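Engineer: Next up, input05.cif (mmCIF, C-alpha atoms).
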data_data
loop_
_atom_site.label_atom_id
_atom_site.label_comp_id
_atom_site.auth_asym_id
_atom_site.auth_seq_id
_atom_site.Cartn_x
_atom_site.Cartn_y
_atom_site.Cartn_z
CA MET A 231 17.56 -13.73 -35.99
CA ASN A 232 19.58 -12.86 -39.11
CA PHE A 233 18.63 -9.19 -38.69
CA ILE A 234 19.70 -9.21 -35.02
CA SER A 235 23.00 -10.90 -35.83
CA LYS A 236 23.70 -8.28 -38.49
CA ILE A 237 23.11 -5.55 -35.96
CA ASN A 238 25.34 -7.27 -33.38
CA GLN A 239 28.27 -7.40 -35.79
CA TYR A 240 28.36 -3.59 -35.76
CA LYS A 241 28.06 -3.40 -31.98
CA GLU A 242 31.75 -3.87 -31.20
CA PRO A 243 33.00 -1.31 -33.77
CA PHE A 244 30.41 1.17 -32.51
CA LEU A 245 31.52 0.68 -28.90
CA ARG A 246 35.18 1.18 -29.90
CA PHE A 247 34.28 4.37 -31.76
CA SER A 248 32.20 5.63 -28.81
CA LYS A 249 35.06 4.99 -26.39
CA TRP A 250 37.49 6.86 -28.66
CA PHE A 251 35.08 9.75 -29.32
CA THR A 252 34.17 10.30 -25.65
CA ASN A 253 37.65 9.63 -24.25
CA PHE A 254 39.09 11.86 -21.52
CA ASP A 255 42.67 11.94 -20.27
CA ASP A 256 43.14 10.83 -16.63
CA LYS A 257 44.99 14.07 -15.97
CA SER A 258 41.87 16.05 -16.90
CA ILE A 259 40.39 15.23 -13.48
CA ASP A 260 43.49 15.60 -11.31
CA PRO A 261 42.04 16.42 -7.87
CA PHE A 262 42.36 19.89 -6.42
CA GLU A 263 42.78 20.62 -2.73
CA VAL A 264 39.52 20.90 -0.77
CA ASP A 265 39.63 23.04 2.37
CA PHE A 266 36.67 22.26 4.62
CA SER A 267 37.43 25.30 6.78
CA LYS A 268 36.25 27.53 3.92
CA SER A 269 32.68 28.12 2.70
CA TRP A 270 30.65 25.23 1.25
CA TRP A 271 30.68 26.79 -2.22
CA SER A 272 34.50 27.16 -2.37
CA PRO A 273 35.06 23.96 -4.48
CA TYR A 274 33.28 25.64 -7.40
CA LEU A 275 36.06 28.26 -7.54
CA SER A 276 38.47 25.52 -8.61
CA ILE A 277 36.40 24.67 -11.71
CA LYS A 278 35.59 28.18 -12.96
CA THR A 279 35.85 27.19 -16.64
CA GLY A 280 33.36 24.36 -16.19
CA VAL A 281 30.91 26.58 -14.31
CA LEU A 282 31.12 29.40 -16.86
CA SER A 283 30.74 27.00 -19.79
CA VAL A 284 27.45 25.52 -18.58
CA PHE A 285 25.92 28.96 -18.00
CA ALA A 286 27.21 30.18 -21.37
CA THR A 287 25.56 27.15 -22.98
CA ASN A 288 22.16 28.01 -21.54
CA PHE A 289 22.52 31.70 -22.44
CA ILE A 290 23.29 30.87 -26.09
CA ILE A 291 20.42 28.37 -26.34
CA SER A 292 17.97 30.90 -24.89
CA ILE A 293 18.98 33.59 -27.39
CA TYR A 294 18.73 31.15 -30.30
CA ASP A 295 15.32 29.88 -29.17
CA ALA A 296 14.02 33.47 -28.83
CA ILE A 297 15.28 34.66 -32.23
CA THR A 298 14.18 31.61 -34.22
CA PRO A 299 10.37 32.16 -33.88
CA ILE A 300 10.76 35.79 -35.03
CA TRP A 301 12.89 34.66 -37.94
CA LEU A 302 10.42 31.92 -38.91
CA GLY A 303 7.51 34.36 -38.65
CA TYR A 304 9.31 36.74 -41.00
CA ILE A 305 10.08 33.92 -43.48
CA PHE A 306 6.50 32.67 -43.66
CA SER A 307 4.91 36.13 -43.75
CA THR A 308 7.23 37.28 -46.59
CA GLN A 309 7.54 33.81 -48.19
CA LYS A 310 11.34 34.09 -48.36
CA PHE A 311 11.76 30.35 -47.86
CA GLU A 312 15.39 30.35 -49.03
CA GLN A 313 16.30 31.72 -45.60
CA LEU A 314 15.36 28.35 -44.05
CA TRP A 315 18.83 27.21 -45.10
CA ALA A 316 20.31 30.00 -43.00
CA ILE A 317 18.30 28.84 -39.96
CA ALA A 318 19.57 25.29 -40.52
CA GLY A 319 23.15 26.57 -40.74
CA VAL A 320 22.85 28.53 -37.50
CA TYR A 321 21.33 25.46 -35.83
CA VAL A 322 24.32 23.33 -36.82
CA LEU A 323 26.76 26.03 -35.66
CA VAL A 324 25.06 26.48 -32.28
CA TYR A 325 24.14 22.92 -31.31
CA LEU A 326 26.66 20.72 -33.11
CA VAL A 327 29.78 22.88 -32.87
CA LEU A 328 29.72 25.61 -30.24
CA LEU A 329 27.69 23.85 -27.53
CA GLN A 330 29.59 20.57 -27.92
CA ALA A 331 32.85 22.41 -27.23
CA LEU A 332 31.38 24.16 -24.17
CA ASN A 333 29.86 20.92 -22.85
CA ARG A 334 33.26 19.21 -22.87
CA TYR A 335 34.65 21.87 -20.53
CA TYR A 336 31.65 21.36 -18.23
CA GLN A 337 32.10 17.58 -18.19
CA ILE A 338 35.77 17.94 -17.26
CA GLY A 339 34.85 20.33 -14.43
CA GLN A 340 32.12 17.96 -13.25
CA GLY A 341 34.51 15.00 -13.10
CA LYS A 342 37.21 17.03 -11.36
CA LEU A 343 34.72 18.31 -8.76
CA ASN A 344 33.36 14.85 -7.89
CA HIS A 345 36.80 13.24 -7.80
CA SER A 346 38.29 15.97 -5.60
CA LEU A 347 35.45 15.83 -3.07
CA ASP A 348 35.58 12.02 -2.99
CA MET A 349 39.32 12.02 -2.28
CA ALA A 350 39.16 14.81 0.31
CA THR A 351 36.30 13.07 2.16
CA GLN A 352 37.99 9.67 2.25
CA ASN A 353 41.33 11.17 3.31
CA LEU A 354 39.71 12.93 6.23
CA LEU A 355 37.75 9.85 7.32
CA LEU A 356 40.93 7.73 7.25
CA GLU A 357 43.09 10.26 9.07
CA VAL A 358 40.73 10.81 11.97
CA ASP A 359 41.37 8.93 15.21
CA PRO A 360 39.49 5.57 15.15
CA SER A 361 37.85 6.48 18.47
CA TYR A 362 35.91 9.18 16.61
CA HIS A 363 34.08 6.54 14.56
CA THR A 364 32.83 4.86 17.72
CA THR A 365 30.83 8.00 18.50
CA LYS A 366 29.13 8.15 15.10
CA SER A 367 26.50 5.95 13.52
CA SER A 368 27.74 4.32 10.29
CA GLY A 369 24.34 4.97 8.72
CA GLU A 370 24.55 8.67 9.50
CA VAL A 371 28.10 8.92 8.10
CA LEU A 372 27.10 7.13 4.88
CA SER A 373 24.08 9.40 4.53
CA LYS A 374 26.24 12.51 4.93
CA ILE A 375 29.02 11.60 2.49
CA SER A 376 26.55 10.35 -0.15
CA ARG A 377 25.64 14.02 -0.62
CA ILE A 378 28.88 14.74 -2.49
CA GLU A 379 26.99 14.15 -5.75
CA LYS A 380 24.71 17.06 -4.83
CA TYR A 381 27.47 19.48 -5.88
CA VAL A 382 26.98 18.51 -9.52
CA ASP A 383 23.21 18.38 -9.00
CA LEU A 384 23.33 22.01 -7.83
CA LEU A 385 25.12 23.12 -10.98
CA GLU A 386 22.60 21.31 -13.17
CA ASN A 387 19.61 22.59 -11.17
CA LEU A 388 20.89 26.14 -11.52
CA SER A 389 21.92 26.02 -15.17
CA TRP A 390 19.61 23.52 -16.90
CA GLY A 391 16.75 24.18 -14.52
CA PHE A 392 16.42 27.57 -12.87
CA PHE A 393 18.52 29.85 -15.11
CA SER A 394 17.49 28.03 -18.28
CA LEU A 395 13.86 28.79 -17.46
CA PHE A 396 14.74 32.36 -16.51
CA PHE A 397 16.64 33.07 -19.74
CA GLY A 398 14.05 31.35 -21.91
CA ALA A 399 11.10 33.12 -20.31
CA PHE A 400 12.56 36.62 -20.63
CA PHE A 401 14.07 36.28 -24.10
CA SER A 402 10.78 34.89 -25.46
CA ALA A 403 8.90 37.72 -23.73
CA PHE A 404 11.24 40.31 -25.24
CA SER A 405 10.57 38.84 -28.68
CA LEU A 406 6.95 40.05 -28.37
CA PHE A 407 8.19 43.63 -28.69
CA ALA A 408 8.54 42.72 -32.39
CA VAL A 409 4.71 42.52 -32.44
CA SER A 410 3.95 45.60 -30.35
CA PHE A 411 5.23 47.49 -27.32
CA ALA A 412 2.08 46.66 -25.32
CA ALA A 413 2.36 42.92 -26.03
CA GLY A 414 6.04 42.88 -25.05
CA LEU A 415 5.41 44.88 -21.87
CA ALA A 416 2.51 42.61 -20.87
CA ALA A 417 4.71 39.53 -21.39
CA ILE A 418 7.59 40.97 -19.35
CA VAL A 419 5.33 42.02 -16.47
CA SER A 420 3.50 38.69 -16.48
CA ASN A 421 6.70 36.61 -16.43
CA THR A 422 8.30 38.84 -13.79
CA VAL A 423 5.31 38.44 -11.47
CA LEU A 424 5.27 34.67 -12.08
CA ILE A 425 8.98 34.28 -11.30
CA PHE A 426 8.99 36.36 -8.11
CA LEU A 427 5.73 34.87 -6.87
CA SER A 428 7.11 31.38 -7.49
CA LEU A 429 10.39 32.23 -5.73
CA PHE A 430 8.58 33.60 -2.69
CA LEU A 431 6.02 30.81 -2.30
CA ILE A 432 8.42 27.92 -2.92
CA SER A 433 11.26 29.24 -0.75
CA PHE A 434 8.82 30.09 2.07
CA SER A 435 7.29 26.60 2.09
CA SER A 436 10.52 24.65 1.53
CA THR A 437 12.94 26.20 4.04
CA TRP A 438 11.60 24.43 7.11
CA HIS A 439 10.66 21.22 5.31
CA GLU A 440 14.15 20.60 3.93
CA GLN A 441 15.98 20.97 7.26
CA GLU A 442 13.58 18.63 9.01
CA LEU A 443 13.54 16.16 6.13
CA ILE A 444 17.34 15.87 6.21
CA LYS A 445 17.23 14.97 9.90
CA LYS A 446 14.55 12.35 9.31
CA MET A 447 16.37 10.82 6.33
CA ASP A 448 19.61 10.58 8.36
CA SER A 449 17.68 8.86 11.13
CA LYS A 450 16.14 6.45 8.64
CA SER A 451 19.54 5.68 7.09
CA GLU A 452 20.93 5.03 10.55
CA SER A 453 18.22 2.41 11.16
CA GLN A 454 18.85 0.79 7.76
CA VAL A 455 22.55 0.23 8.53
CA GLU A 456 21.72 -1.00 12.03
CA ASN A 457 19.33 -3.57 10.56
CA MET A 458 21.96 -4.81 8.11
CA THR A 459 24.55 -5.25 10.85
CA GLN A 460 22.14 -6.96 13.27
CA ALA A 461 22.64 -10.23 11.39
CA LEU A 462 26.24 -10.28 12.59
CA TYR A 463 25.26 -10.60 16.24
CA ILE A 464 23.49 -13.25 18.29
CA ARG A 465 21.28 -10.56 19.77
CA ALA A 466 19.72 -10.00 16.35
CA THR A 467 17.32 -12.88 17.02
CA PHE A 468 15.92 -11.05 20.03
CA ALA A 469 16.06 -7.51 18.62
CA THR A 470 14.31 -8.04 15.25
CA SER A 471 10.87 -6.81 16.28
CA GLN A 472 12.32 -3.85 18.14
CA GLN A 473 14.48 -2.84 15.14
CA LEU A 474 11.57 -3.20 12.72
CA SER A 475 9.36 -1.08 14.92
CA LYS A 476 11.99 1.66 15.15
CA PHE A 477 12.62 1.64 11.40
CA LYS A 478 8.87 1.69 10.65
CA THR A 479 8.37 4.79 12.81
CA ARG A 480 11.29 6.63 11.24
CA SER A 481 10.27 5.65 7.70
CA ILE A 482 6.67 6.82 8.20
CA VAL A 483 7.78 10.20 9.57
CA SER A 484 10.24 10.87 6.72
CA HIS A 485 7.79 9.85 3.98
CA LEU A 486 4.90 11.82 5.45
CA MET A 487 7.07 14.92 5.58
CA ASP A 488 8.08 14.43 1.95
CA MET A 489 4.41 14.02 0.96
CA GLN A 490 3.51 17.26 2.81
CA LYS A 491 6.20 19.12 0.87
CA TRP A 492 4.89 18.02 -2.53
CA ARG A 493 1.24 18.60 -1.53
CA MET A 494 2.11 22.21 -0.72
CA PHE A 495 3.86 22.41 -4.09
CA ASP A 496 0.61 21.36 -5.84
CA TRP A 497 -1.28 24.27 -4.26
CA ILE A 498 1.44 26.71 -5.28
CA ILE A 499 1.25 25.46 -8.89
CA LEU A 500 -2.51 26.11 -8.88
CA ILE A 501 -1.98 29.76 -7.84
CA LEU A 502 0.74 30.26 -10.47
CA ARG A 503 -1.40 28.80 -13.25
CA PHE A 504 -4.14 31.33 -12.51
CA VAL A 505 -1.67 34.23 -12.69
CA MET A 506 -0.15 32.83 -15.89
CA GLY A 507 -3.59 32.59 -17.52
CA LEU A 508 -4.17 36.30 -16.88
CA GLY A 509 -0.82 37.12 -18.50
CA TRP A 510 -1.56 34.98 -21.55
CA GLY A 511 -4.92 36.68 -21.98
CA ALA A 512 -3.35 40.15 -21.94
CA VAL A 513 -0.60 39.21 -24.43
CA ILE A 514 -3.02 37.53 -26.86
CA TYR A 515 -5.38 40.54 -26.65
CA PHE A 516 -2.65 43.01 -27.69
CA CYS A 517 -1.47 40.68 -30.48
CA VAL A 518 -5.02 40.30 -31.87
CA ILE A 519 -5.36 44.10 -31.97
CA GLN A 520 -2.21 44.33 -34.12
CA ILE A 521 -3.46 41.62 -36.51
CA GLN A 522 -6.95 43.11 -36.86
CA SER A 523 -5.55 46.58 -37.51
CA GLY A 524 -3.34 45.17 -40.28
CA ASN A 525 -0.08 46.18 -38.59
CA ARG A 526 1.10 42.58 -38.27
CA ASP A 527 0.51 39.40 -40.25
CA SER A 528 -0.86 36.38 -38.38
CA ALA A 529 1.89 34.19 -39.88
CA PHE A 530 4.45 36.50 -38.23
CA VAL A 531 2.69 36.70 -34.85
CA ALA A 532 1.67 33.04 -34.37
CA PRO A 533 5.15 31.44 -33.84
CA ILE A 534 6.17 34.25 -31.45
CA ILE A 535 3.04 33.77 -29.31
CA ILE A 536 3.50 29.99 -29.27
CA ALA A 537 7.17 30.31 -28.21
CA TYR A 538 6.19 32.78 -25.48
CA MET A 539 3.42 30.53 -24.13
CA ILE A 540 5.67 27.47 -24.08
CA ASN A 541 8.49 29.27 -22.26
CA SER A 542 6.23 31.04 -19.77
CA SER A 543 4.53 27.72 -18.94
CA TYR A 544 7.98 26.42 -17.95
CA ILE A 545 8.02 29.06 -15.21
CA ILE A 546 5.30 27.05 -13.50
CA TRP A 547 7.70 24.13 -13.26
CA GLN A 548 10.40 26.49 -12.08
CA GLY A 549 8.87 25.68 -8.71
CA ASN A 550 10.03 22.10 -9.15
CA SER A 551 13.53 23.32 -10.06
CA LEU A 552 13.56 25.70 -7.12
CA THR A 553 12.37 22.99 -4.74
CA ASN A 554 15.18 20.71 -5.94
CA LEU A 555 17.62 23.62 -5.75
CA LEU A 556 16.78 24.42 -2.12
CA GLU A 557 16.87 20.73 -1.22
CA THR A 558 20.26 20.33 -2.89
CA VAL A 559 21.77 23.40 -1.17
CA ALA A 560 20.48 22.20 2.22
CA LYS A 561 22.06 18.77 1.71
CA ILE A 562 25.38 20.25 0.54
CA LYS A 563 25.52 22.52 3.59
CA ASP A 564 24.72 19.56 5.83
CA TYR A 565 27.55 17.52 4.24
CA TRP A 566 29.99 20.43 4.56
CA LYS A 567 29.03 21.05 8.19
CA PHE A 568 29.60 17.35 8.97
CA MET A 569 33.05 17.37 7.32
CA LYS A 570 34.00 20.49 9.25
CA SER A 571 33.12 18.74 12.51
CA ILE A 572 35.64 15.93 11.90
CA PRO A 573 38.98 16.54 13.69
CA GLN A 574 41.65 16.89 11.02
CA GLY A 575 45.02 15.12 11.01
CA SER A 576 44.57 13.40 14.38
CA TYR A 577 45.53 9.91 13.20
CA PRO A 578 48.22 10.00 10.45
CA VAL A 579 47.75 6.58 8.86
CA LEU A 580 48.11 7.83 5.28
CA ASP A 581 51.37 8.25 3.41
CA LYS A 582 52.02 11.89 2.73
#
What is this file in structure tokens?
Structural biologist:
Amino acid sequence: MNFISKINQYKEPFLRFSKWFTNFDDKSIDPFEVDFSKSWWSPYLSIKTGVLSVFATNFIISIYDAITPIWLGYIFSTQKFEQLWAIAGVYVLVYLVLLQALNRYYQIGQGKLNHSLDMATQNLLLEVDPSYHTTKSSGEVLSKISRIEKYVDLLENLSWGFFSLFFGAFFSAFSLFAVSFAAGLAAIVSNTVLIFLSLFLISFSSTWHEQELIKKMDSKSESQVENMTQALYIRATFATSQQLSKFKTRSIVSHLMDMQKWRMFDWIILILRFVMGLGWGAVIYFCVIQIQSGNRDSAFVAPIIIAYMINSSYIIWQGNSLTNLLETVAKIKDYWKFMKSIPQGSYPVLDK
């Protein structure tokens, strides 16, 4: 207990420091104007700095991660261990200085994007004629506007998911040219085939699934809200079994469709793993030739091969990123289409 109490006495100072260190000014997320008559991607144009910063972050990390194995291989093969200090210095510069500055710009853009979409959505819902709401299910409306958060999800899926894998895979493959031209070429061809095959198979299987799944999830959300509001009416006593039956049917359909999507994804992963294995075999073969001929030291080649294999294996899970990406884009488009359908300025209840 004495140990716990000693820890707790530092809790409050730590929380105060954290609040000060992570503090943002309210003005940093002043909302920008959202025009629903434009394209669904137009809000991103208002946070260009945030968008560019997150992609720059991933580009820098990918270059650093590709160069480091070559550098380490050189250090261990030549036994120039004093250069480990240089690697540590570059690590501090990249991760603790440069990327922290870039991440702050991204976080400001993320907050501004969410806040602006929230305000624009609520303004439009309050300004519309009340008679409009009588024609729409509350569950459907809640389901639509909950997709605002997908705008940030899309940025993260693109940067930390899809493009991070893309940069990492190709920079690590290019690093194999330091071993031999044949090994580098085999790595580039292998990763290129993996990426395009993954893009084709995932996008082909997901396009139809996502559109249908959105409809089923909206229908399920509609039933959930109906069930919550039934308790407010006398007729709830007589409608319980009917409502449960309707919700059960809609829930089963939506979950089965989601299960079908991920089952198809499993089969795609199996195909990609086979192709990846062939690529690994070719790269390792050309590297072994260089080691056996004495052109390259095994201490130099080993970290480069390991980095390549790790990054190329991430391409397999690119399918997961791509599936999430397509799902996110479909939901954003559905939200934007819904907001476009709302009559604007027909019931001026807000102070201008």
Engineer: Can you list, as number ranges by chain, the residues that the PyMOL selection byres ((chain A and resi 408) around 12) selects here?
Structural biologist: A: 296-297, 299-301, 303-304, 401-407, 409-415, 517, 520, 525-527, 530-531, 533-535
Engineer: Can you tell me, as number ranges by chain, what residues are no more than 6 Å from region 565-575 of chain A when counting only C-alpha atoms, ignoring any on the same chain fewer than 4 positions away?
Structural biologist: A: 266, 270, 357, 374
Engineer: Show me, as a list in words, the residues that have an atom within 9 Å of Leu502 (chain A) when counting all atoms listed in the file, minus same-chain residues fewer than 5 positions from it.
Structural biologist: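 Neighbouring residues, sequence-local ones excluded: Leu424, Leu427, Ser428, Trp497, Gly507, Ile545 and Ile546 of chain A.
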Engineer: For CA of Lys380 (chain A) and CA of Thr558 (chain A), quote the distance in Å rounded to one decimal.
Structural biologist: 5.9 Å
Engineer: Could you tell me which residues the PyMOL selection byres ((chain A and resi 385) around 10) grabs in this file, written as an NGL selection string?
Structural biologist: :A and (274 or 280-281 or 284-285 or 336 or 340 or 380-384 or 386-392 or 555 or 558)
Engineer: Restricting the calculation to only C-alpha atoms, which member of A:Ser376, A:Asn333, A:Met539, A:Met494 is positioned closest to Asp564 (chain A)?
Structural biologist: A:Ser376
Engineer: I need the output of the PyMOL selection byres ((chain A and resi 314) around 12) for this file as a ChimeraX atom specification; which residues are they?
Structural biologist: /A:298-299,301-306,309-313,315-321
Engineer: Provide the CA of Ile293 (chain A) to CA of Glu557 (chain A) distance in Å, to one decimal place.
Structural biologist: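 So the answer is 29.2 Å.
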Engineer: May I ask for the distance between CA of Ile519 (chain A) and CA of Ile540 (chain A), given in Å to one decimal place?
Structural biologist: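 Atom-to-atom, CA of Ile519 (chain A) to CA of Ile540 (chain A), that is 21.5 Å.
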Engineer: Residues around (-5.6, 35.8, -34.8), cut-off 8 Å, counting all atoms listed in the file - what are they as a ChimeraX atom specification?
Structural biologist: /A:517-518,521-522,528,532
Engineer: Show me, as a list in words, the residues that have an atom within 9 Å of Ala286 (chain A) when counting only C-alpha atoms, minus same-chain residues fewer than 4 positions from it.
Structural biologist: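 Listed by chain and then number, they are Val281, Leu282, Ile290, Ile291, Leu329 and Leu332 of chain A.
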